[in-house]
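Read the structure below first, then the notes.
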Amino acid sequence: MRNFIKEVVGEDYLAENPFINFSGLKGQTKVGREGLNYFSKRVTLIFSSGGGEFINFFLNKLFDFQHLLLGDLVLEPEYVEREYFTGKFGNSVKFLCLSPIVICNTDNVDKNKEFIHPTKDDFSDFLYESTMLRMERIGQFTPKQISSFFKFQMVPDKHYLEKINNHDKKFARIYTTINQGMIKEVRGYTLPFALYAAPEVQNFIYNCGLGELAENGFGMLDLADNKEVKREIIFEKSLKKMRINIQ
């Protein structure tokens, strides 16, 4: 998907805006011999960013294309639906994973693929360090604010883990991605959890993803309780009269 986005906005612009997050294509699928086959007439790409400027640029460039190729799929942009949170984040938020969370992205192949159980403190520690570094890099927080975000604990849903274990299923798998032109294998975790952290941290990961390689589509989250999440179609190609603008 990152190559797809790079094709739309250009490599230089993408490199200058690393705080993006996106899902895989959502639709009716079936695994076949040649990979993932799509049977839906429509598919959905969920996209977020630390600011509206990049999303506006991406969407307006996207709708300049009549068709785009993604593997063997021929895609035609159709409409944009905006999703926004109308409430306020507290110190405790329950999240779901729309894409796997990666906690290790190093030059050590074995370390990247190592399994660390989400109930271990090391799991939260890796995510905390990653999140603070990314929040520093985005430039929206002062050093004093960053140092105040020391409360950070991820607590996985124990009932989900028990259910997965009882049915002999997996919530952690090895995924292959391309990072800085190199093929890399990393372990990703997909599970519901509660995060205990400052509201500013909750807002950051909701918009920019959690963990390593968020700019490659990992760590996209959704709210477990989305009663305060609103959706509205803000643009349709058939009715195109103005440029898309998301605040």
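Note on naming: chains are A, B, ... as they come in the structure tokens, residues start from 1 per chain, ligands start from 1 in the order shown.
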Kindly provide the residues of segment 54-99 of chain A that approach segment 191-196 of chain A to within 8 Å, each paired with its closest atom pair and their distance in Å to one decimal, based on only C-alpha atoms, listed by chain and increasing number, as CSV.
residue,atom,partner,partner_atom,distance
A:Asn91,CA,A:Tyr196,CA,5.5
A:Ser92,CA,A:Tyr196,CA,4.6
A:Val93,CA,A:Leu195,CA,5.4
A:Lys94,CA,A:Ala194,CA,4.2
A:Phe95,CA,A:Phe193,CA,5.5
A:Leu96,CA,A:Pro192,CA,4.5
A:Cys97,CA,A:Leu191,CA,6.0
(message) as number ranges by chain, please: the residues near segment 114-127 of chain A (cut-off 9 Å, only C-alpha atoms, same-chain neighbours under 3 positions excluded).
(response) A: 102-104, 109-111, 130-132, 152-156, 158, 172-173, 186-187, 189, 210-212
(request) Report the residues of segment 34-203 of chain A whose backbone DSSP state falls under strand (DSSP E or B), written as a ChimeraX atom specification. (result) /A:35-38,44,47-49,68-70,73-75,79-85,92-97,101-102,152-156,172-179,182-189,193-197
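The residue set within 12 Å of Val74 of chain A, counting only C-alpha atoms and dropping same-chain residues fewer than 3 places from it, reads Phe4, Tyr38, Lys41, Arg42, Val43, Phe65, Gln66, His67, Leu68, Leu69, Leu70, Gly71 and Pro77 of chain A.
Of the residues under consideration (A:Leu223, A:Ile20, A:Ile233, A:Ile138), A:Leu223 shows the shortest atom-to-atom contact distance to Phe85 of chain A when counting only C-alpha atoms.
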Apply DSSP to the structure's backbone, then extract all residues of segment 93-216 of chain A labelled helix (DSSP H, G or I) and return them as a PDB file with N, CA and C atoms, in the first residue's frame.
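selection-v2.pdb, freshly written:
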ATOM      1  N   VAL A 109      17.458  -9.242  12.549  1.00  0.00           N
ATOM      2  CA  VAL A 109      16.321  -9.974  11.995  1.00  0.00           C
ATOM      3  C   VAL A 109      15.630 -10.807  13.062  1.00  0.00           C
ATOM      4  N   ASP A 110      16.408 -11.498  13.870  1.00  0.00           N
ATOM      5  CA  ASP A 110      15.824 -12.360  14.903  1.00  0.00           C
ATOM      6  C   ASP A 110      15.054 -11.549  15.946  1.00  0.00           C
ATOM      7  N   LYS A 111      15.572 -10.389  16.305  1.00  0.00           N
ATOM      8  CA  LYS A 111      14.903  -9.549  17.296  1.00  0.00           C
ATOM      9  C   LYS A 111      13.572  -9.033  16.761  1.00  0.00           C
ATOM     10  N   ASN A 112      13.552  -8.682  15.475  1.00  0.00           N
ATOM     11  CA  ASN A 112      12.320  -8.190  14.862  1.00  0.00           C
ATOM     12  C   ASN A 112      11.222  -9.251  14.861  1.00  0.00           C
ATOM     13  N   LYS A 113      11.615 -10.515  14.778  1.00  0.00           N
ATOM     14  CA  LYS A 113      10.636 -11.603  14.696  1.00  0.00           C
ATOM     15  C   LYS A 113      10.365 -12.263  16.042  1.00  0.00           C
ATOM     16  N   ASP A 121       5.801  -6.569  30.575  1.00  0.00           N
ATOM     17  CA  ASP A 121       6.130  -5.142  30.648  1.00  0.00           C
ATOM     18  C   ASP A 121       6.964  -4.700  29.450  1.00  0.00           C
ATOM     19  N   ASP A 122       7.801  -5.608  28.937  1.00  0.00           N
ATOM     20  CA  ASP A 122       8.644  -5.262  27.788  1.00  0.00           C
ATOM     21  C   ASP A 122       7.798  -4.812  26.599  1.00  0.00           C
ATOM     22  N   PHE A 123       6.638  -5.409  26.447  1.00  0.00           N
ATOM     23  CA  PHE A 123       5.763  -5.069  25.321  1.00  0.00           C
ATOM     24  C   PHE A 123       5.364  -3.596  25.394  1.00  0.00           C
ATOM     25  N   SER A 124       4.878  -3.172  26.555  1.00  0.00           N
ATOM     26  CA  SER A 124       4.505  -1.765  26.744  1.00  0.00           C
ATOM     27  C   SER A 124       5.714  -0.851  26.662  1.00  0.00           C
ATOM     28  N   ASP A 125       6.863  -1.316  27.168  1.00  0.00           N
ATOM     29  CA  ASP A 125       8.074  -0.493  27.153  1.00  0.00           C
ATOM     30  C   ASP A 125       8.510  -0.172  25.724  1.00  0.00           C
ATOM     31  N   PHE A 126       8.480  -1.176  24.849  1.00  0.00           N
ATOM     32  CA  PHE A 126       8.831  -0.950  23.443  1.00  0.00           C
ATOM     33  C   PHE A 126       7.892   0.076  22.809  1.00  0.00           C
ATOM     34  N   LEU A 127       6.598  -0.073  23.069  1.00  0.00           N
ATOM     35  CA  LEU A 127       5.620   0.841  22.490  1.00  0.00           C
ATOM     36  C   LEU A 127       5.763   2.251  23.044  1.00  0.00           C
ATOM     37  N   TYR A 128       6.080   2.352  24.323  1.00  0.00           N
ATOM     38  CA  TYR A 128       6.265   3.667  24.937  1.00  0.00           C
ATOM     39  C   TYR A 128       7.444   4.401  24.295  1.00  0.00           C
ATOM     40  N   GLU A 129       8.572   3.718  24.175  1.00  0.00           N
ATOM     41  CA  GLU A 129       9.759   4.345  23.591  1.00  0.00           C
ATOM     42  C   GLU A 129       9.501   4.772  22.151  1.00  0.00           C
ATOM     43  N   SER A 130       8.855   3.895  21.395  1.00  0.00           N
ATOM     44  CA  SER A 130       8.538   4.211  20.002  1.00  0.00           C
ATOM     45  C   SER A 130       7.624   5.423  19.906  1.00  0.00           C
ATOM     46  N   THR A 131       6.591   5.450  20.750  1.00  0.00           N
ATOM     47  CA  THR A 131       5.619   6.542  20.707  1.00  0.00           C
ATOM     48  C   THR A 131       6.253   7.872  21.080  1.00  0.00           C
ATOM     49  N   MET A 132       7.072   7.892  22.129  1.00  0.00           N
ATOM     50  CA  MET A 132       7.704   9.142  22.548  1.00  0.00           C
ATOM     51  C   MET A 132       8.662   9.668  21.483  1.00  0.00           C
ATOM     52  N   LEU A 133       9.411   8.796  20.840  1.00  0.00           N
ATOM     53  CA  LEU A 133      10.324   9.229  19.777  1.00  0.00           C
ATOM     54  C   LEU A 133       9.557   9.832  18.610  1.00  0.00           C
ATOM     55  N   ARG A 134       8.435   9.203  18.268  1.00  0.00           N
ATOM     56  CA  ARG A 134       7.632   9.718  17.160  1.00  0.00           C
ATOM     57  C   ARG A 134       6.964  11.036  17.527  1.00  0.00           C
ATOM     58  N   MET A 135       6.532  11.179  18.770  1.00  0.00           N
ATOM     59  CA  MET A 135       5.927  12.431  19.203  1.00  0.00           C
ATOM     60  C   MET A 135       6.953  13.561  19.243  1.00  0.00           C
ATOM     61  N   GLU A 136       8.198  13.230  19.549  1.00  0.00           N
ATOM     62  CA  GLU A 136       9.267  14.229  19.484  1.00  0.00           C
ATOM     63  C   GLU A 136       9.500  14.666  18.044  1.00  0.00           C
ATOM     64  N   ARG A 137       9.515  13.688  17.147  1.00  0.00           N
ATOM     65  CA  ARG A 137       9.825  13.972  15.741  1.00  0.00           C
ATOM     66  C   ARG A 137       8.740  14.797  15.056  1.00  0.00           C
ATOM     67  N   ILE A 138       7.498  14.652  15.468  1.00  0.00           N
ATOM     68  CA  ILE A 138       6.426  15.368  14.783  1.00  0.00           C
ATOM     69  C   ILE A 138       6.487  16.868  15.053  1.00  0.00           C
ATOM     70  N   PRO A 143       9.695  19.580  24.836  1.00  0.00           N
ATOM     71  CA  PRO A 143      10.377  18.570  25.659  1.00  0.00           C
ATOM     72  C   PRO A 143       9.722  18.394  27.024  1.00  0.00           C
ATOM     73  N   LYS A 144       9.202  19.487  27.580  1.00  0.00           N
ATOM     74  CA  LYS A 144       8.534  19.405  28.882  1.00  0.00           C
ATOM     75  C   LYS A 144       7.270  18.556  28.787  1.00  0.00           C
ATOM     76  N   GLN A 145       6.526  18.720  27.699  1.00  0.00           N
ATOM     77  CA  GLN A 145       5.323  17.912  27.510  1.00  0.00           C
ATOM     78  C   GLN A 145       5.683  16.435  27.337  1.00  0.00           C
ATOM     79  N   ILE A 146       6.701  16.169  26.531  1.00  0.00           N
ATOM     80  CA  ILE A 146       7.116  14.785  26.302  1.00  0.00           C
ATOM     81  C   ILE A 146       7.498  14.112  27.615  1.00  0.00           C
ATOM     82  N   SER A 147       8.248  14.826  28.452  1.00  0.00           N
ATOM     83  CA  SER A 147       8.677  14.252  29.726  1.00  0.00           C
ATOM     84  C   SER A 147       7.506  14.022  30.677  1.00  0.00           C
ATOM     85  N   SER A 148       6.399  14.732  30.463  1.00  0.00           N
ATOM     86  CA  SER A 148       5.231  14.561  31.335  1.00  0.00           C
ATOM     87  C   SER A 148       4.389  13.348  30.949  1.00  0.00           C
ATOM     88  N   LYS A 158      -7.815  -9.757  28.154  1.00  0.00           N
ATOM     89  CA  LYS A 158      -7.481 -11.117  28.567  1.00  0.00           C
ATOM     90  C   LYS A 158      -8.498 -12.137  28.056  1.00  0.00           C
ATOM     91  N   HIS A 159      -9.769 -11.733  27.943  1.00  0.00           N
ATOM     92  CA  HIS A 159     -10.796 -12.650  27.436  1.00  0.00           C
ATOM     93  C   HIS A 159     -10.542 -12.993  25.967  1.00  0.00           C
ATOM     94  N   TYR A 160     -10.078 -12.005  25.222  1.00  0.00           N
ATOM     95  CA  TYR A 160      -9.732 -12.255  23.810  1.00  0.00           C
ATOM     96  C   TYR A 160      -8.556 -13.212  23.704  1.00  0.00           C
ATOM     97  N   LEU A 161      -7.528 -12.990  24.517  1.00  0.00           N
ATOM     98  CA  LEU A 161      -6.358 -13.863  24.483  1.00  0.00           C
ATOM     99  C   LEU A 161      -6.724 -15.289  24.885  1.00  0.00           C
ATOM    100  N   GLU A 162      -7.592 -15.439  25.882  1.00  0.00           N
ATOM    101  CA  GLU A 162      -8.029 -16.765  26.294  1.00  0.00           C
ATOM    102  C   GLU A 162      -8.815 -17.457  25.176  1.00  0.00           C
ATOM    103  N   LYS A 163      -9.667 -16.706  24.517  1.00  0.00           N
ATOM    104  CA  LYS A 163     -10.467 -17.262  23.423  1.00  0.00           C
ATOM    105  C   LYS A 163      -9.576 -17.703  22.267  1.00  0.00           C
ATOM    106  N   ILE A 164      -8.611 -16.866  21.911  1.00  0.00           N
ATOM    107  CA  ILE A 164      -7.674 -17.204  20.837  1.00  0.00           C
ATOM    108  C   ILE A 164      -6.888 -18.464  21.186  1.00  0.00           C
ATOM    109  N   ASN A 165      -6.435 -18.533  22.426  1.00  0.00           N
ATOM    110  CA  ASN A 165      -5.652 -19.682  22.882  1.00  0.00           C
ATOM    111  C   ASN A 165      -6.494 -20.957  22.893  1.00  0.00           C
ATOM    112  N   ASN A 166      -7.737 -20.862  23.330  1.00  0.00           N
ATOM    113  CA  ASN A 166      -8.618 -22.034  23.391  1.00  0.00           C
ATOM    114  C   ASN A 166      -8.981 -22.572  22.014  1.00  0.00           C
ATOM    115  N   PRO A 199      -4.144  11.994  27.574  1.00  0.00           N
ATOM    116  CA  PRO A 199      -5.033  12.223  26.432  1.00  0.00           C
ATOM    117  C   PRO A 199      -4.293  12.645  25.159  1.00  0.00           C
ATOM    118  N   GLU A 200      -3.227  13.425  25.309  1.00  0.00           N
ATOM    119  CA  GLU A 200      -2.462  13.845  24.127  1.00  0.00           C
ATOM    120  C   GLU A 200      -1.829  12.649  23.426  1.00  0.00           C
ATOM    121  N   VAL A 201      -1.388  11.669  24.212  1.00  0.00           N
ATOM    122  CA  VAL A 201      -0.798  10.450  23.643  1.00  0.00           C
ATOM    123  C   VAL A 201      -1.873   9.629  22.945  1.00  0.00           C
ATOM    124  N   GLN A 202      -3.032   9.513  23.566  1.00  0.00           N
ATOM    125  CA  GLN A 202      -4.147   8.773  22.968  1.00  0.00           C
ATOM    126  C   GLN A 202      -4.533   9.386  21.620  1.00  0.00           C
ATOM    127  N   ASN A 203      -4.613  10.683  21.570  1.00  0.00           N
ATOM    128  CA  ASN A 203      -4.977  11.374  20.335  1.00  0.00           C
ATOM    129  C   ASN A 203      -3.925  11.157  19.255  1.00  0.00           C
ATOM    130  N   PHE A 204      -2.643  11.196  19.649  1.00  0.00           N
ATOM    131  CA  PHE A 204      -1.559  11.012  18.685  1.00  0.00           C
ATOM    132  C   PHE A 204      -1.620   9.636  18.038  1.00  0.00           C
ATOM    133  N   ILE A 205      -1.737   8.578  18.837  1.00  0.00           N
ATOM    134  CA  ILE A 205      -1.717   7.238  18.248  1.00  0.00           C
ATOM    135  C   ILE A 205      -3.007   6.940  17.485  1.00  0.00           C
ATOM    136  N   TYR A 206      -4.112   7.575  17.867  1.00  0.00           N
ATOM    137  CA  TYR A 206      -5.363   7.402  17.122  1.00  0.00           C
ATOM    138  C   TYR A 206      -5.205   7.947  15.706  1.00  0.00           C
ATOM    139  N   ASN A 207      -4.481   9.045  15.558  1.00  0.00           N
ATOM    140  CA  ASN A 207      -4.308   9.676  14.256  1.00  0.00           C
ATOM    141  C   ASN A 207      -3.074   9.177  13.503  1.00  0.00           C
ATOM    142  N   CYS A 208      -2.027   8.798  14.228  1.00  0.00           N
ATOM    143  CA  CYS A 208      -0.751   8.470  13.586  1.00  0.00           C
ATOM    144  C   CYS A 208      -0.347   7.013  13.739  1.00  0.00           C
ATOM    145  N   ALA A 214       4.538   2.583  11.330  1.00  0.00           N
ATOM    146  CA  ALA A 214       3.181   3.076  11.098  1.00  0.00           C
ATOM    147  C   ALA A 214       3.056   3.677   9.705  1.00  0.00           C
ATOM    148  N   GLU A 215       4.138   4.297   9.226  1.00  0.00           N
ATOM    149  CA  GLU A 215       4.126   4.889   7.888  1.00  0.00           C
ATOM    150  C   GLU A 215       4.073   3.832   6.792  1.00  0.00           C
ATOM    151  N   ASN A 216       4.256   2.550   7.167  1.00  0.00           N
ATOM    152  CA  ASN A 216       4.125   1.439   6.224  1.00  0.00           C
ATOM    153  C   ASN A 216       2.780   0.728   6.368  1.00  0.00           C
TER     154      ASN A 216
END
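The gap separating atom CA of Asp157 of chain A from atom CA of Gly24 of chain A is 23.4 Å, in Å to one decimal.
For segment 6-9 of chain A, the non-local neighbours within 8 Å, defined as residues at least 6 positions apart in the same chain or in other chains and counting only C-alpha atoms, are Phe57, Phe58, Lys61 and Leu62 of chain A.
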(request) List the neighbours of Glu228 of chain A out to 9 Å using only C-alpha atoms; skip same-chain residues closer than 3 positions along the sequence, and give me the result as a ChimeraX atom specification. (result) /A:84-87,225
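Between Gly219 of chain A and the candidates A:Thr106, A:Thr44, A:Gln28, A:Ser99, the tightest atom-to-atom separation, counting only C-alpha atoms, involves A:Ser99.
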